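Chemist: Structure file entry_29.pdb (PDB, N, CA and C atoms) is given on the next line.
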MODEL        1
ATOM      1  N   MET R   1       1.911  -4.707   6.454
ATOM      2  CA  MET R   1       1.831  -6.158   6.484
ATOM      3  C   MET R   1       0.694  -6.611   7.401
ATOM      4  N   MET R   2       0.428  -5.847   8.446
ATOM      5  CA  MET R   2      -0.670  -6.216   9.345
ATOM      6  C   MET R   2      -2.021  -6.075   8.659
ATOM      7  N   ILE R   3      -2.140  -5.101   7.755
ATOM      8  CA  ILE R   3      -3.400  -4.947   7.020
ATOM      9  C   ILE R   3      -3.667  -6.204   6.208
ATOM     10  N   ALA R   4      -2.673  -6.699   5.510
ATOM     11  CA  ALA R   4      -2.836  -7.931   4.722
ATOM     12  C   ALA R   4      -3.152  -9.115   5.633
ATOM     13  N   HIS R   5      -2.512  -9.163   6.780
ATOM     14  CA  HIS R   5      -2.754 -10.236   7.747
ATOM     15  C   HIS R   5      -4.218 -10.214   8.212
ATOM     16  N   HIS R   6      -4.713  -9.033   8.563
ATOM     17  CA  HIS R   6      -6.097  -8.913   9.013
ATOM     18  C   HIS R   6      -7.075  -9.226   7.878
ATOM     19  N   GLN R   7      -6.724  -8.827   6.660
ATOM     20  CA  GLN R   7      -7.589  -9.125   5.525
ATOM     21  C   GLN R   7      -7.699 -10.633   5.322
ATOM     22  N   GLY R   8      -6.627 -11.352   5.564
ATOM     23  CA  GLY R   8      -6.672 -12.816   5.476
ATOM     24  C   GLY R   8      -7.653 -13.412   6.468
ATOM     25  N   ALA R   9      -7.687 -12.845   7.675
ATOM     26  CA  ALA R   9      -8.649 -13.320   8.678
ATOM     27  C   ALA R   9     -10.079 -13.070   8.216
ATOM     28  N   ILE R  10     -10.319 -11.919   7.619
ATOM     29  CA  ILE R  10     -11.649 -11.606   7.092
ATOM     30  C   ILE R  10     -12.025 -12.580   5.986
ATOM     31  N   ASP R  11     -11.091 -12.818   5.081
ATOM     32  CA  ASP R  11     -11.357 -13.735   3.964
ATOM     33  C   ASP R  11     -11.740 -15.124   4.473
ATOM     34  N   MET R  12     -11.029 -15.606   5.472
ATOM     35  CA  MET R  12     -11.347 -16.926   6.029
ATOM     36  C   MET R  12     -12.693 -16.909   6.749
ATOM     37  N   ALA R  13     -12.956 -15.855   7.504
ATOM     38  CA  ALA R  13     -14.213 -15.770   8.251
ATOM     39  C   ALA R  13     -15.412 -15.713   7.315
ATOM     40  N   ARG R  14     -15.231 -15.146   6.141
ATOM     41  CA  ARG R  14     -16.334 -15.059   5.179
ATOM     42  C   ARG R  14     -16.730 -16.421   4.618
ATOM     43  N   LEU R  15     -15.907 -17.413   4.811
ATOM     44  CA  LEU R  15     -16.245 -18.765   4.367
ATOM     45  C   LEU R  15     -17.212 -19.448   5.331
ATOM     46  N   SER R  16     -17.301 -18.943   6.531
ATOM     47  CA  SER R  16     -18.074 -19.584   7.576
ATOM     48  C   SER R  16     -19.552 -19.819   7.248
ATOM     49  N   PRO R  17     -20.277 -18.843   6.715
ATOM     50  CA  PRO R  17     -21.705 -19.079   6.488
ATOM     51  C   PRO R  17     -22.007 -20.300   5.622
ATOM     52  N   SER R  18     -21.170 -20.577   4.667
ATOM     53  CA  SER R  18     -21.430 -21.704   3.772
ATOM     54  C   SER R  18     -20.764 -23.005   4.224
ATOM     55  N   ARG R  19     -19.847 -22.917   5.188
ATOM     56  CA  ARG R  19     -19.090 -24.103   5.576
ATOM     57  C   ARG R  19     -19.277 -24.558   7.020
ATOM     58  N   ALA R  20     -19.585 -23.626   7.906
ATOM     59  CA  ALA R  20     -19.695 -23.977   9.329
ATOM     60  C   ALA R  20     -21.030 -24.648   9.619
ATOM     61  N   ASN R  21     -21.000 -25.605  10.526
ATOM     62  CA  ASN R  21     -22.213 -26.310  10.926
ATOM     63  C   ASN R  21     -22.800 -25.781  12.226
ATOM     64  N   HIS R  22     -22.042 -25.012  12.967
ATOM     65  CA  HIS R  22     -22.469 -24.574  14.291
ATOM     66  C   HIS R  22     -22.639 -23.059  14.329
ATOM     67  N   ALA R  23     -23.729 -22.631  14.974
ATOM     68  CA  ALA R  23     -24.017 -21.197  15.093
ATOM     69  C   ALA R  23     -22.894 -20.459  15.802
ATOM     70  N   GLU R  24     -22.252 -21.110  16.769
ATOM     71  CA  GLU R  24     -21.167 -20.455  17.516
ATOM     72  C   GLU R  24     -20.014 -20.063  16.587
ATOM     73  N   VAL R  25     -19.703 -20.923  15.648
ATOM     74  CA  VAL R  25     -18.625 -20.631  14.702
ATOM     75  C   VAL R  25     -19.038 -19.487  13.780
ATOM     76  N   LYS R  26     -20.271 -19.511  13.332
ATOM     77  CA  LYS R  26     -20.768 -18.435  12.466
ATOM     78  C   LYS R  26     -20.780 -17.109  13.213
ATOM     79  N   ASP R  27     -21.199 -17.132  14.485
ATOM     80  CA  ASP R  27     -21.196 -15.911  15.289
ATOM     81  C   ASP R  27     -19.782 -15.385  15.506
ATOM     82  N   LEU R  28     -18.858 -16.285  15.788
ATOM     83  CA  LEU R  28     -17.463 -15.889  15.963
ATOM     84  C   LEU R  28     -16.925 -15.272  14.675
ATOM     85  N   SER R  29     -17.254 -15.859  13.547
ATOM     86  CA  SER R  29     -16.796 -15.331  12.262
ATOM     87  C   SER R  29     -17.318 -13.921  12.029
ATOM     88  N   LYS R  30     -18.569 -13.673  12.371
ATOM     89  CA  LYS R  30     -19.125 -12.320  12.234
ATOM     90  C   LYS R  30     -18.360 -11.338  13.106
ATOM     91  N   ALA R  31     -18.065 -11.744  14.335
ATOM     92  CA  ALA R  31     -17.323 -10.880  15.253
ATOM     93  C   ALA R  31     -15.908 -10.611  14.734
ATOM     94  N   ILE R  32     -15.281 -11.620  14.155
ATOM     95  CA  ILE R  32     -13.939 -11.461  13.588
ATOM     96  C   ILE R  32     -13.969 -10.440  12.459
ATOM     97  N   ILE R  33     -14.963 -10.563  11.588
ATOM     98  CA  ILE R  33     -15.067  -9.633  10.457
ATOM     99  C   ILE R  33     -15.225  -8.198  10.957
ATOM    100  N   ILE R  34     -16.112  -7.993  11.908
ATOM    101  CA  ILE R  34     -16.336  -6.645  12.437
ATOM    102  C   ILE R  34     -15.054  -6.082  13.062
ATOM    103  N   ALA R  35     -14.401  -6.871  13.892
ATOM    104  CA  ALA R  35     -13.188  -6.410  14.581
ATOM    105  C   ALA R  35     -12.047  -6.140  13.604
ATOM    106  N   GLN R  36     -11.835  -7.047  12.670
ATOM    107  CA  GLN R  36     -10.715  -6.900  11.751
ATOM    108  C   GLN R  36     -10.944  -5.742  10.772
ATOM    109  N   GLU R  37     -12.189  -5.537  10.341
ATOM    110  CA  GLU R  37     -12.467  -4.399   9.458
ATOM    111  C   GLU R  37     -12.183  -3.089  10.176
ATOM    112  N   LYS R  38     -12.524  -3.010  11.460
ATOM    113  CA  LYS R  38     -12.233  -1.804  12.247
ATOM    114  C   LYS R  38     -10.727  -1.591  12.364
ATOM    115  N   GLU R  39      -9.999  -2.650  12.622
ATOM    116  CA  GLU R  39      -8.549  -2.517  12.754
ATOM    117  C   GLU R  39      -7.898  -2.133  11.432
ATOM    118  N   ILE R  40      -8.384  -2.681  10.332
ATOM    119  CA  ILE R  40      -7.855  -2.292   9.017
ATOM    120  C   ILE R  40      -8.124  -0.811   8.766
ATOM    121  N   SER R  41      -9.324  -0.374   9.105
ATOM    122  CA  SER R  41      -9.663   1.040   8.948
ATOM    123  C   SER R  41      -8.731   1.921   9.774
ATOM    124  N   ASP R  42      -8.507   1.532  11.018
ATOM    125  CA  ASP R  42      -7.598   2.290  11.883
ATOM    126  C   ASP R  42      -6.194   2.342  11.299
ATOM    127  N   MET R  43      -5.673   1.215  10.878
ATOM    128  CA  MET R  43      -4.304   1.176  10.351
ATOM    129  C   MET R  43      -4.181   1.952   9.047
ATOM    130  N   THR R  44      -5.204   1.891   8.211
ATOM    131  CA  THR R  44      -5.189   2.659   6.967
ATOM    132  C   THR R  44      -5.187   4.148   7.272
ATOM    133  N   GLN R  45      -5.961   4.554   8.270
ATOM    134  CA  GLN R  45      -5.970   5.964   8.664
ATOM    135  C   GLN R  45      -4.621   6.380   9.226
ATOM    136  N   TRP R  46      -3.988   5.505   9.998
ATOM    137  CA  TRP R  46      -2.645   5.815  10.497
ATOM    138  C   TRP R  46      -1.686   6.065   9.338
ATOM    139  N   GLN R  47      -1.775   5.229   8.308
ATOM    140  CA  GLN R  47      -0.899   5.425   7.148
ATOM    141  C   GLN R  47      -1.100   6.820   6.557
ATOM    142  N   VAL R  48      -2.354   7.219   6.418
ATOM    143  CA  VAL R  48      -2.657   8.547   5.883
ATOM    144  C   VAL R  48      -2.101   9.621   6.814
ATOM    145  N   ASN R  49      -2.365   9.467   8.116
ATOM    146  CA  ASN R  49      -1.906  10.453   9.088
ATOM    147  C   ASN R  49      -0.391  10.585   9.104
ATOM    148  N   TRP R  50       0.297   9.500   8.866
ATOM    149  CA  TRP R  50       1.756   9.489   8.930
ATOM    150  C   TRP R  50       2.414   9.765   7.579
ATOM    151  N   GLY R  51       1.584  10.063   6.566
ATOM    152  CA  GLY R  51       2.117  10.483   5.274
ATOM    153  C   GLY R  51       2.476   9.369   4.317
ATOM    154  N   PHE R  52       2.027   8.153   4.569
ATOM    155  CA  PHE R  52       2.276   7.055   3.648
ATOM    156  C   PHE R  52       1.174   6.984   2.612
ATOM    157  N   GLN R  53       1.545   6.611   1.424
ATOM    158  CA  GLN R  53       0.559   6.294   0.400
ATOM    159  C   GLN R  53       0.058   4.884   0.667
ATOM    160  N   PRO R  54      -1.155   4.543   0.197
ATOM    161  CA  PRO R  54      -1.618   3.160   0.373
ATOM    162  C   PRO R  54      -0.580   2.172  -0.138
ATOM    163  N   ASN R  55      -0.286   1.179   0.664
ATOM    164  CA  ASN R  55       0.656   0.103   0.350
ATOM    165  C   ASN R  55       2.117   0.535   0.346
ATOM    166  N   GLU R  56       2.414   1.812   0.574
ATOM    167  CA  GLU R  56       3.806   2.269   0.561
ATOM    168  C   GLU R  56       4.624   1.598   1.654
ATOM    169  N   SER R  57       4.060   1.476   2.848
ATOM    170  CA  SER R  57       4.817   0.864   3.934
ATOM    171  C   SER R  57       5.073  -0.610   3.663
ATOM    172  N   GLU R  58       4.124  -1.292   3.037
ATOM    173  CA  GLU R  58       4.317  -2.699   2.685
ATOM    174  C   GLU R  58       5.417  -2.830   1.634
ATOM    175  N   GLN R  59       5.428  -1.929   0.662
ATOM    176  CA  GLN R  59       6.473  -1.964  -0.366
ATOM    177  C   GLN R  59       7.838  -1.729   0.251
ATOM    178  N   MET R  60       7.919  -0.831   1.244
ATOM    179  CA  MET R  60       9.180  -0.563   1.921
ATOM    180  C   MET R  60       9.679  -1.802   2.640
ATOM    181  N   MET R  61       8.782  -2.546   3.267
ATOM    182  CA  MET R  61       9.171  -3.752   4.002
ATOM    183  C   MET R  61       9.733  -4.811   3.055
ATOM    184  N   HIS R  62       9.125  -4.935   1.877
ATOM    185  CA  HIS R  62       9.562  -5.958   0.937
ATOM    186  C   HIS R  62      10.856  -5.575   0.222
ATOM    187  N   SER R  63      11.114  -4.279   0.109
ATOM    188  CA  SER R  63      12.320  -3.852  -0.605
ATOM    189  C   SER R  63      13.522  -3.755   0.329
ATOM    190  N   GLY R  64      13.295  -3.891   1.642
ATOM    191  CA  GLY R  64      14.398  -3.844   2.596
ATOM    192  C   GLY R  64      14.788  -2.453   3.024
ATOM    193  N   HIS R  65      13.985  -1.444   2.712
ATOM    194  CA  HIS R  65      14.280  -0.057   3.121
ATOM    195  C   HIS R  65      13.663   0.253   4.439
TER     196      HIS R  65
ENDMDL
END
Take the structure in the file and give it back as structure tokens.

Modeler:
Amino acid sequence: MMIAHHQGAIDMARLSPSRANHAEVKDLSKAIIIAQEKEISDMTQWQVNWGFQPNESEQMMHSGH
């Protein structure tokens, strides 16, 4: 679920170049994208290391197991 949460932050930050009027906001958006992509990569690797298939842990959360 955290991977999806971080992906949402990336999706929103990607809107910045076409919508933001201030360089500070655009710079912050770039930093958010870099940080969140790294965290998604880390969490995806943890899933592999812990024996989960992609999205398996998310499916478990939604099914109540």

Chemist: Enumerate the residues of chain R with a DSSP assignment of alpha helix (DSSP H), computed from the backbone, and present them as a ChimeraX atom specification.

Modeler: /R:2-13,16-19,23-49,56-63

Chemist: What's the 8 Å shell around range 36-40 of chain R, counting all atoms listed in the file, without same-chain residues fewer than 3 positions away, as a PDB file with N, CA and C atoms, keeping the file's coordinate frame?

Modeler:
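Result written to out.pdb:
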ATOM      1  N   MET R   2       0.428  -5.847   8.446  1.00  0.00           N
ATOM      2  CA  MET R   2      -0.670  -6.216   9.345  1.00  0.00           C
ATOM      3  C   MET R   2      -2.021  -6.075   8.659  1.00  0.00           C
ATOM      4  N   ILE R   3      -2.140  -5.101   7.755  1.00  0.00           N
ATOM      5  CA  ILE R   3      -3.400  -4.947   7.020  1.00  0.00           C
ATOM      6  C   ILE R   3      -3.667  -6.204   6.208  1.00  0.00           C
ATOM      7  N   ALA R   4      -2.673  -6.699   5.510  1.00  0.00           N
ATOM      8  CA  ALA R   4      -2.836  -7.931   4.722  1.00  0.00           C
ATOM      9  C   ALA R   4      -3.152  -9.115   5.633  1.00  0.00           C
ATOM     10  N   HIS R   6      -4.713  -9.033   8.563  1.00  0.00           N
ATOM     11  CA  HIS R   6      -6.097  -8.913   9.013  1.00  0.00           C
ATOM     12  C   HIS R   6      -7.075  -9.226   7.878  1.00  0.00           C
ATOM     13  N   GLN R   7      -6.724  -8.827   6.660  1.00  0.00           N
ATOM     14  CA  GLN R   7      -7.589  -9.125   5.525  1.00  0.00           C
ATOM     15  C   GLN R   7      -7.699 -10.633   5.322  1.00  0.00           C
ATOM     16  N   ALA R   9      -7.687 -12.845   7.675  1.00  0.00           N
ATOM     17  CA  ALA R   9      -8.649 -13.320   8.678  1.00  0.00           C
ATOM     18  C   ALA R   9     -10.079 -13.070   8.216  1.00  0.00           C
ATOM     19  N   ILE R  10     -10.319 -11.919   7.619  1.00  0.00           N
ATOM     20  CA  ILE R  10     -11.649 -11.606   7.092  1.00  0.00           C
ATOM     21  C   ILE R  10     -12.025 -12.580   5.986  1.00  0.00           C
ATOM     22  N   LYS R  30     -18.569 -13.673  12.371  1.00  0.00           N
ATOM     23  CA  LYS R  30     -19.125 -12.320  12.234  1.00  0.00           C
ATOM     24  C   LYS R  30     -18.360 -11.338  13.106  1.00  0.00           C
ATOM     25  N   ALA R  31     -18.065 -11.744  14.335  1.00  0.00           N
ATOM     26  CA  ALA R  31     -17.323 -10.880  15.253  1.00  0.00           C
ATOM     27  C   ALA R  31     -15.908 -10.611  14.734  1.00  0.00           C
ATOM     28  N   ILE R  32     -15.281 -11.620  14.155  1.00  0.00           N
ATOM     29  CA  ILE R  32     -13.939 -11.461  13.588  1.00  0.00           C
ATOM     30  C   ILE R  32     -13.969 -10.440  12.459  1.00  0.00           C
ATOM     31  N   ILE R  33     -14.963 -10.563  11.588  1.00  0.00           N
ATOM     32  CA  ILE R  33     -15.067  -9.633  10.457  1.00  0.00           C
ATOM     33  C   ILE R  33     -15.225  -8.198  10.957  1.00  0.00           C
ATOM     34  N   MET R  43      -5.673   1.215  10.878  1.00  0.00           N
ATOM     35  CA  MET R  43      -4.304   1.176  10.351  1.00  0.00           C
ATOM     36  C   MET R  43      -4.181   1.952   9.047  1.00  0.00           C
ATOM     37  N   THR R  44      -5.204   1.891   8.211  1.00  0.00           N
ATOM     38  CA  THR R  44      -5.189   2.659   6.967  1.00  0.00           C
ATOM     39  C   THR R  44      -5.187   4.148   7.272  1.00  0.00           C
ATOM     40  N   GLN R  45      -5.961   4.554   8.270  1.00  0.00           N
ATOM     41  CA  GLN R  45      -5.970   5.964   8.664  1.00  0.00           C
ATOM     42  C   GLN R  45      -4.621   6.380   9.226  1.00  0.00           C
ATOM     43  N   TRP R  46      -3.988   5.505   9.998  1.00  0.00           N
ATOM     44  CA  TRP R  46      -2.645   5.815  10.497  1.00  0.00           C
ATOM     45  C   TRP R  46      -1.686   6.065   9.338  1.00  0.00           C
TER      46      TRP R  46
END

Chemist: Between CA of Asp11 in chain R and atom N of Gly51 in chain R, what is the spacing in Å?

Modeler: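 Result for atom N of Gly51 in chain R versus CA of Asp11 in chain R: 27.2 Å, one decimal.
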
Chemist: If I wrap all listed atoms of range 22-31 of chain R in a box with edges along x, y and z and add 6 Å on each side, what are its centre and edge lengths in Å to one decimal, as JSON?

Modeler:
{"center_x": -20.0, "center_y": -17.8, "center_z": 14.8, "size_x": 20.1, "size_y": 26.4, "size_z": 17.5}

Chemist: Quick one: pull the distance between CA of Asp27 in chain R and CA of Ala13 in chain R, Å, one decimal.

Modeler: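 Result for CA of Asp27 in chain R versus CA of Ala13 in chain R: 9.9 Å, one decimal.
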
Chemist: One decimal, in Å: what's the spacing between CA of Glu24 in chain R and CA of Ser41 in chain R?

Modeler: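 Here the two named atoms are 25.8 Å from each other.
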
Chemist: Would you kindly translate the PyMOL selection byres ((chain R and resi 16) around 8) into the concrete residues it picks from this file, as a count of residues only?

Modeler: 15
